[in-house]
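File shown: work-v4.cif. Contents: mmCIF, C-alpha atoms and all ligand atoms.
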data_protein
#
loop_
_atom_site.label_atom_id
_atom_site.label_comp_id
_atom_site.auth_asym_id
_atom_site.auth_seq_id
_atom_site.Cartn_x
_atom_site.Cartn_y
_atom_site.Cartn_z
CA MET R 267 -17.54 11.75 -39.98
CA THR R 268 -16.81 15.42 -40.65
CA SER R 269 -16.60 17.78 -43.57
CA THR R 270 -12.80 17.80 -43.40
CA ARG R 271 -12.58 14.76 -45.65
CA THR R 272 -14.86 15.99 -48.41
CA ALA R 273 -13.73 16.81 -51.93
CA ALA R 274 -13.18 20.41 -50.88
CA ALA R 275 -10.26 19.40 -48.67
CA PRO R 276 -6.82 20.00 -50.18
CA ALA R 277 -5.32 16.99 -51.90
CA PRO R 278 -3.21 14.99 -49.47
CA ALA R 279 0.55 15.17 -49.95
CA ASP R 280 0.70 11.40 -49.76
CA SER R 281 -1.47 8.54 -50.95
CA ARG R 282 -3.13 7.73 -47.65
CA PRO R 283 -6.72 6.68 -48.14
CA PRO R 284 -9.48 8.42 -46.22
CA GLY R 285 -10.93 6.82 -43.14
CA GLU R 286 -10.38 6.34 -39.47
CA VAL R 287 -6.84 6.52 -38.23
CA LEU R 288 -7.13 6.33 -34.48
CA ARG R 289 -9.86 4.38 -32.81
CA LEU R 290 -10.34 3.62 -29.14
CA ASP R 291 -13.04 1.18 -28.10
CA GLY R 292 -14.20 0.67 -24.53
CA VAL R 293 -10.83 1.44 -23.02
CA ARG R 294 -10.41 0.91 -19.29
CA VAL R 295 -7.25 1.68 -17.33
CA THR R 296 -6.78 0.92 -13.66
CA TYR R 297 -3.82 1.48 -11.37
CA PRO R 298 -2.98 -0.32 -8.13
CA ASP R 299 -4.23 1.81 -5.27
CA GLY R 300 -3.11 0.30 -1.98
CA ARG R 301 -5.10 -2.34 -0.14
CA GLU R 302 -8.47 -2.73 1.50
CA ALA R 303 -8.65 -3.06 5.30
CA ASP R 304 -8.79 -6.84 4.86
CA GLY R 305 -5.61 -6.80 2.75
CA THR R 306 -7.10 -7.34 -0.73
CA PRO R 307 -5.42 -5.18 -3.40
CA ARG R 308 -7.42 -2.14 -4.38
CA THR R 309 -7.41 -0.54 -7.82
CA ALA R 310 -8.33 2.94 -8.97
CA THR R 311 -10.10 3.27 -12.31
CA VAL R 312 -8.52 6.10 -14.26
CA LEU R 313 -10.29 5.60 -17.58
CA ASP R 314 -13.55 3.75 -18.05
CA ALA R 315 -15.35 2.77 -21.24
CA ALA R 316 -13.51 5.40 -23.27
CA SER R 317 -14.19 5.31 -27.00
CA ALA R 318 -13.13 7.74 -29.72
CA ASP R 319 -12.63 7.78 -33.46
CA ILE R 320 -10.37 10.34 -35.13
CA GLY R 321 -9.90 10.56 -38.87
CA ARG R 322 -7.24 11.95 -41.21
CA GLY R 323 -6.88 15.68 -41.18
CA GLU R 324 -9.01 15.87 -38.06
CA LEU R 325 -8.23 17.51 -34.73
CA ALA R 326 -9.83 16.25 -31.54
CA ALA R 327 -9.52 18.30 -28.37
CA VAL R 328 -9.54 16.49 -25.04
CA LEU R 329 -10.92 18.66 -22.25
CA GLY R 330 -11.24 17.94 -18.57
CA PRO R 331 -10.13 18.98 -15.12
CA SER R 332 -6.79 17.99 -13.67
CA GLY R 333 -6.71 14.30 -12.82
CA SER R 334 -9.60 13.40 -15.12
CA GLY R 335 -7.49 11.02 -17.21
CA LYS R 336 -6.45 13.18 -20.19
CA SER R 337 -2.78 12.24 -20.17
CA THR R 338 -3.68 8.62 -19.55
CA LEU R 339 -5.90 8.69 -22.64
CA LEU R 340 -2.94 9.90 -24.70
CA SER R 341 -0.62 7.27 -23.18
CA VAL R 342 -3.09 4.55 -24.12
CA ALA R 343 -3.47 5.93 -27.64
CA ALA R 344 0.32 5.94 -27.94
CA GLY R 345 0.61 2.34 -26.80
CA LEU R 346 2.69 3.46 -23.82
CA VAL R 347 0.05 2.18 -21.41
CA VAL R 348 -1.78 -1.07 -22.12
CA PRO R 349 -5.45 -0.86 -21.10
CA ASP R 350 -7.04 -3.44 -18.81
CA ALA R 351 -9.93 -3.69 -21.23
CA GLY R 352 -10.79 -2.36 -24.68
CA THR R 353 -8.77 -1.84 -27.83
CA VAL R 354 -6.72 0.82 -29.58
CA ARG R 355 -6.36 0.71 -33.37
CA VAL R 356 -3.96 2.87 -35.34
CA ASP R 357 -4.23 2.86 -39.10
CA GLY R 358 -6.36 -0.27 -38.87
CA ARG R 359 -3.84 -2.17 -36.79
CA GLU R 360 -4.55 -3.07 -33.21
CA LEU R 361 -1.91 -1.78 -30.81
CA THR R 362 -3.37 -3.50 -27.80
CA GLY R 363 -2.40 -7.12 -27.66
CA LEU R 364 0.82 -6.71 -29.62
CA PRO R 365 4.04 -7.83 -27.99
CA GLU R 366 5.94 -4.86 -26.60
CA ALA R 367 8.63 -4.81 -29.30
CA GLU R 368 6.03 -4.67 -32.07
CA ARG R 369 3.99 -2.11 -30.23
CA THR R 370 7.11 0.06 -29.96
CA ARG R 371 7.84 -0.33 -33.65
CA LEU R 372 4.27 0.52 -34.63
CA ARG R 373 4.44 3.55 -32.34
CA ARG R 374 7.67 4.80 -33.92
CA GLU R 375 6.28 4.35 -37.42
CA THR R 376 2.82 5.77 -36.98
CA ILE R 377 2.62 8.04 -33.93
CA GLY R 378 4.18 11.41 -33.14
CA ILE R 379 4.06 12.56 -29.53
CA VAL R 380 4.49 15.99 -27.96
CA PHE R 381 4.78 15.39 -24.24
CA GLN R 382 3.63 17.86 -21.63
CA GLN R 383 7.11 18.14 -20.17
CA PRO R 384 9.51 19.81 -22.60
CA ASN R 385 12.10 17.23 -23.54
CA LEU R 386 14.47 18.79 -26.03
CA LEU R 387 18.07 17.75 -25.44
CA PRO R 388 19.90 20.79 -24.01
CA SER R 389 23.15 20.34 -25.94
CA LEU R 390 21.68 19.68 -29.40
CA ARG R 391 21.00 22.34 -32.00
CA VAL R 392 17.44 22.60 -33.27
CA ALA R 393 18.05 20.80 -36.58
CA GLU R 394 19.71 17.89 -34.76
CA GLN R 395 16.77 17.54 -32.33
CA LEU R 396 14.73 16.31 -35.29
CA LEU R 397 17.32 13.67 -36.23
CA VAL R 398 17.84 11.99 -32.87
CA THR R 399 15.56 9.08 -33.74
CA ALA R 400 17.28 8.63 -37.10
CA HIS R 401 20.70 8.58 -35.40
CA LEU R 402 19.50 6.09 -32.80
CA ALA R 403 18.11 3.88 -35.57
CA GLY R 404 21.53 3.91 -37.25
CA VAL R 405 20.42 5.81 -40.36
CA ARG R 406 23.49 6.86 -42.38
CA GLY R 407 24.60 8.25 -45.72
CA ARG R 408 22.03 9.07 -48.35
CA ALA R 409 19.09 8.08 -46.13
CA LEU R 410 20.36 10.44 -43.43
CA ARG R 411 20.73 13.26 -45.97
CA ALA R 412 17.12 12.69 -47.00
CA GLN R 413 16.02 12.84 -43.38
CA ARG R 414 18.06 16.02 -42.92
CA GLU R 415 16.20 17.59 -45.82
CA GLY R 416 12.87 16.42 -44.40
CA ALA R 417 13.80 17.92 -41.03
CA ALA R 418 14.72 21.26 -42.63
CA GLU R 419 11.37 21.32 -44.46
CA MET R 420 9.48 20.53 -41.28
CA LEU R 421 11.31 23.31 -39.41
CA GLU R 422 10.30 25.72 -42.19
CA ARG R 423 6.75 24.46 -41.92
CA VAL R 424 6.52 25.32 -38.22
CA GLY R 425 8.18 28.70 -38.74
CA MET R 426 11.53 27.70 -37.23
CA GLY R 427 13.65 27.51 -40.38
CA ALA R 428 15.78 30.46 -39.29
CA TYR R 429 16.54 28.86 -35.92
CA ALA R 430 18.06 25.56 -37.06
CA ARG R 431 21.45 26.34 -35.48
CA ARG R 432 20.09 27.52 -32.12
CA LEU R 433 20.29 25.61 -28.87
CA PRO R 434 17.08 25.07 -26.86
CA HIS R 435 18.03 27.65 -24.20
CA GLU R 436 18.32 30.26 -26.96
CA LEU R 437 14.62 29.83 -27.83
CA SER R 438 11.42 31.14 -26.28
CA GLY R 439 8.86 28.73 -24.83
CA GLY R 440 6.66 29.04 -27.91
CA GLN R 441 9.61 28.39 -30.21
CA ARG R 442 10.62 25.32 -28.22
CA GLN R 443 7.07 24.04 -28.53
CA ARG R 444 7.26 24.52 -32.32
CA VAL R 445 10.45 22.46 -32.42
CA ASN R 446 8.72 19.76 -30.36
CA ILE R 447 5.89 19.71 -32.87
CA ALA R 448 8.27 19.55 -35.84
CA ARG R 449 10.15 16.69 -34.20
CA ALA R 450 6.94 14.75 -33.61
CA LEU R 451 6.00 15.17 -37.28
CA VAL R 452 9.34 14.60 -38.99
CA ALA R 453 8.72 10.87 -39.55
CA ARG R 454 5.32 11.76 -41.08
CA PRO R 455 3.19 9.86 -38.54
CA ALA R 456 -0.49 9.07 -39.12
CA VAL R 457 -1.33 10.17 -35.57
CA LEU R 458 -0.16 13.20 -33.59
CA LEU R 459 -0.70 13.22 -29.82
CA VAL R 460 -0.13 16.52 -28.00
CA ASP R 461 -0.43 16.98 -24.24
CA GLU R 462 -1.30 20.51 -23.05
CA PRO R 463 0.85 22.30 -25.62
CA THR R 464 -0.04 25.74 -24.30
CA SER R 465 0.24 25.26 -20.55
CA ALA R 466 3.47 27.29 -20.29
CA LEU R 467 2.56 29.97 -22.85
CA ASP R 468 0.73 33.28 -22.76
CA ARG R 469 -2.54 33.77 -24.64
CA GLU R 470 -1.10 35.04 -27.90
CA ARG R 471 1.57 32.35 -28.17
CA SER R 472 -0.92 29.68 -27.17
CA ARG R 473 -3.22 30.81 -29.98
CA ALA R 474 -0.34 30.61 -32.46
CA VAL R 475 0.59 27.08 -31.36
CA VAL R 476 -3.02 25.87 -31.64
CA ASP R 477 -3.32 27.49 -35.09
CA LEU R 478 -0.14 25.71 -36.13
CA LEU R 479 -1.46 22.37 -34.88
CA LEU R 480 -4.67 22.87 -36.85
CA ALA R 481 -2.76 23.80 -40.00
CA VAL R 482 -0.39 20.82 -39.90
CA THR R 483 -3.29 18.51 -39.08
CA ARG R 484 -5.02 19.58 -42.30
CA GLU R 485 -1.95 19.79 -44.52
CA LEU R 486 -0.24 16.60 -43.43
CA ARG R 487 -3.57 14.76 -43.06
CA VAL R 488 -2.65 13.57 -39.62
CA ALA R 489 -5.16 12.53 -36.94
CA THR R 490 -4.40 14.86 -34.04
CA VAL R 491 -5.44 14.57 -30.42
CA MET R 492 -4.70 17.69 -28.38
CA VAL R 493 -5.18 17.77 -24.64
CA THR R 494 -6.03 21.18 -23.28
CA HIS R 495 -7.81 22.60 -20.28
CA ASP R 496 -8.72 25.74 -22.18
CA THR R 497 -12.20 25.64 -23.68
CA GLU R 498 -11.34 28.49 -26.05
CA PHE R 499 -8.87 26.30 -27.90
CA ALA R 500 -11.36 23.48 -28.14
CA GLU R 501 -13.66 25.64 -30.26
CA ASP R 502 -11.57 25.10 -33.37
CA ALA R 503 -11.50 21.34 -32.96
CA ASP R 504 -13.48 18.99 -35.19
CA GLN R 505 -14.35 16.95 -32.17
CA VAL R 506 -14.36 17.58 -28.42
CA ILE R 507 -13.81 14.75 -25.98
CA ARG R 508 -14.80 15.81 -22.46
CA LEU R 509 -13.43 13.76 -19.61
CA ARG R 510 -14.61 13.73 -16.04
CA ASP R 511 -13.30 11.20 -13.56
CA GLY R 512 -12.09 9.00 -16.39
CA ARG R 513 -15.36 8.93 -18.27
CA ILE R 514 -16.12 10.60 -21.58
CA GLN R 515 -19.02 12.99 -21.00
CA GLU R 516 -20.02 13.78 -24.53
CA ALA R 517 -18.46 13.56 -27.95
CA MET R 518 -19.53 16.31 -30.31
CA GLU R 519 -18.68 16.72 -33.93
P1 LIG S 601 -4.90 14.49 -16.34
O1 LIG S 601 -3.90 14.43 -17.43
O2 LIG S 601 -6.30 14.71 -16.81
O3 LIG S 601 -4.53 15.49 -15.29
P2 LIG S 601 -3.94 11.84 -15.65
O4 LIG S 601 -4.29 10.97 -16.80
O5 LIG S 601 -2.53 12.29 -15.55
O6 LIG S 601 -4.95 13.07 -15.59
O7 LIG S 601 -4.29 11.09 -14.30
C1 LIG S 601 -5.58 10.61 -14.02
C2 LIG S 601 -5.57 9.92 -12.67
O8 LIG S 601 -4.75 8.77 -12.69
C3 LIG S 601 -5.01 10.78 -11.54
O9 LIG S 601 -5.78 10.56 -10.40
C4 LIG S 601 -3.61 10.27 -11.36
O10 LIG S 601 -3.18 10.46 -10.04
C5 LIG S 601 -3.73 8.80 -11.72
N1 LIG S 601 -2.51 8.25 -12.30
C6 LIG S 601 -1.93 8.65 -13.45
N2 LIG S 601 -0.84 7.92 -13.73
C7 LIG S 601 -0.72 7.02 -12.71
C8 LIG S 601 0.22 5.97 -12.41
N3 LIG S 601 1.25 5.69 -13.21
N4 LIG S 601 0.01 5.25 -11.28
C9 LIG S 601 -1.04 5.52 -10.47
N5 LIG S 601 -1.94 6.48 -10.70
C10 LIG S 601 -1.80 7.23 -11.80
MG MG S 602 -2.17 15.55 -17.81
#

Please go through the file and, once you have read it, give me the structure as structure tokens.
Ligand code: ADP
Ligand code: MG
Amino acid sequence: MTSTRTAAAPAPADSRPPGEVLRLDGVRVTYPDGREADGTPRTATVLDAASADIGRGELAAVLGPSGSGKSTLLSVAAGLVVPDAGTVRVDGRELTGLPEAERTRLRRETIGIVFQQPNLLPSLRVAEQLLVTAHLAGVRGRALRAQREGAAEMLERVGMGAYARRLPHELSGGQRQRVNIARALVARPAVLLVDEPTSALDRERSRAVVDLLLAVTRELRVATVMVTHDTEFAEDADQVIRLRDGRIQEAME
């Protein structure tokens, strides 16, 4: 689909084969929206006929005005919202249609999410933020030590190695965003979903965060979807998905 998967690309750090990683086909999402005058339930269509295909090492930018369905698109891709119609496939497996428990498991194994609202835990040091999921999953002993090492590497990768002992309130907004990104990547997901990563940052720090997202997308061969309302940051993307009123306007390579 793009030149990012040609022989010139750096060798992947893992053995993942090339090919599509995230694929949305004809996705429709509606929400209940009150009732008609005659009492019949009304629905609002938030996404309609949305299709997209994002490969390994590829970054897709999702652009669109407020309320156009960008966050909903990410929620569907994450399996957090089940569409009324259409399918979502991650790594060849269909998320839609799976029972909730399996969908959750597939999400944990294959998808990293950076939410729009910062959600670092205030009392945990940076290194521990990356191990919350491991702790919750009951990982102990040698496996936990391995995850600790992986977390330290990922913090280095995002330029936060020197801040491992800090608490969130001791970091700048850009640094917190880097920790969020490291946390989303620590389990080495196939897909990275990022909602407006630069909305709270100034120009320079926004640029640095987008550059970091591009770099980790290439190096870790992850399929990244980044929501932004800044056209400047979409210029670096391999693919731009423009949303208006829940419909994809154009998809450019
Ligand atoms: P964006 O991220 O582009 O600002 P969203 O995906 O958050 O847009 O929302 C798209 C539309 O869907 C908005 O009109 C919003 O009010 C509506 N919406 C989003 N989530 C819900 C929900 N859980 N229930 C009802 N309406 C929702
Ligand atoms: Mg949004």

Could you list, as a PyMOL selection string, every residue within 10 Å of R:Pro463, counting all atoms listed in the file and ignoring same-chain residues fewer than 6 positions away? chain R and resi 380-384+440+443-444+446-447+472+475-476+479+492-494

R:Leu410, R:Ala417, R:Val445, R:Val392 ranked by distance to R:Arg431, top pick (using all atoms listed in the file):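 Going through R:Leu410, R:Ala417, R:Val445, R:Val392 one by one, the smallest distance to R:Arg431 is for R:Val392.
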
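Compared by their closest atoms to R:Ala450, and using only C-alpha atoms, the residues R:Glu375, R:Glu302, R:Asp468, R:Glu324 rank with R:Glu375 nearest.
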
Please, which residues have at least one atom within 9 Å of an atom of ligand MG 602 (chain S), using only C-alpha atoms and all ligand atoms, listed as an MDAnalysis selection string? chainID R and resid 332:338 340 382 461:462 493:494

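Rounded to one decimal, atom P1 of ligand LIG 601 (chain S) and atom CA of R:Leu364 lie 25.7 Å from each other.
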
Quick one, how far is atom CA of R:Thr353 from atom CA of R:Thr464?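 Going from atom CA of R:Thr353 over to atom CA of R:Thr464, I get 29.1 Å.
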
Determine the nearest neighbour of ligand LIG 601 (chain S) from the options R:Asp304, R:Glu470, R:Asp299, R:Glu485, counting all atoms listed in the file.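 So, comparing all the options, the nearest one is R:Asp299.
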
Among listed residues R:Leu486, R:Ala412, R:Leu372, R:Leu509, nearest R:Leu346 (using only C-alpha atoms):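 Closest residue, counting only C-alpha atoms: R:Leu372.
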
Using all atoms listed in the file, find the one residue out of R:Val312, R:Ala481, R:Ala303, R:Ala466 that sits nearest to R:Asp511.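 Closest to R:Asp511, using all atoms listed in the file: R:Val312.
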
Please list as number ranges by chain every residue within 9 Å of R:Arg414, counting only C-alpha atoms and excluding residues in the same chain fewer than 6 positions away. R: 393-394, 396-397

What is the atom CA of R:Arg469-atom CA of R:Leu433 distance in Å, reported with one decimal? 24.6 Å
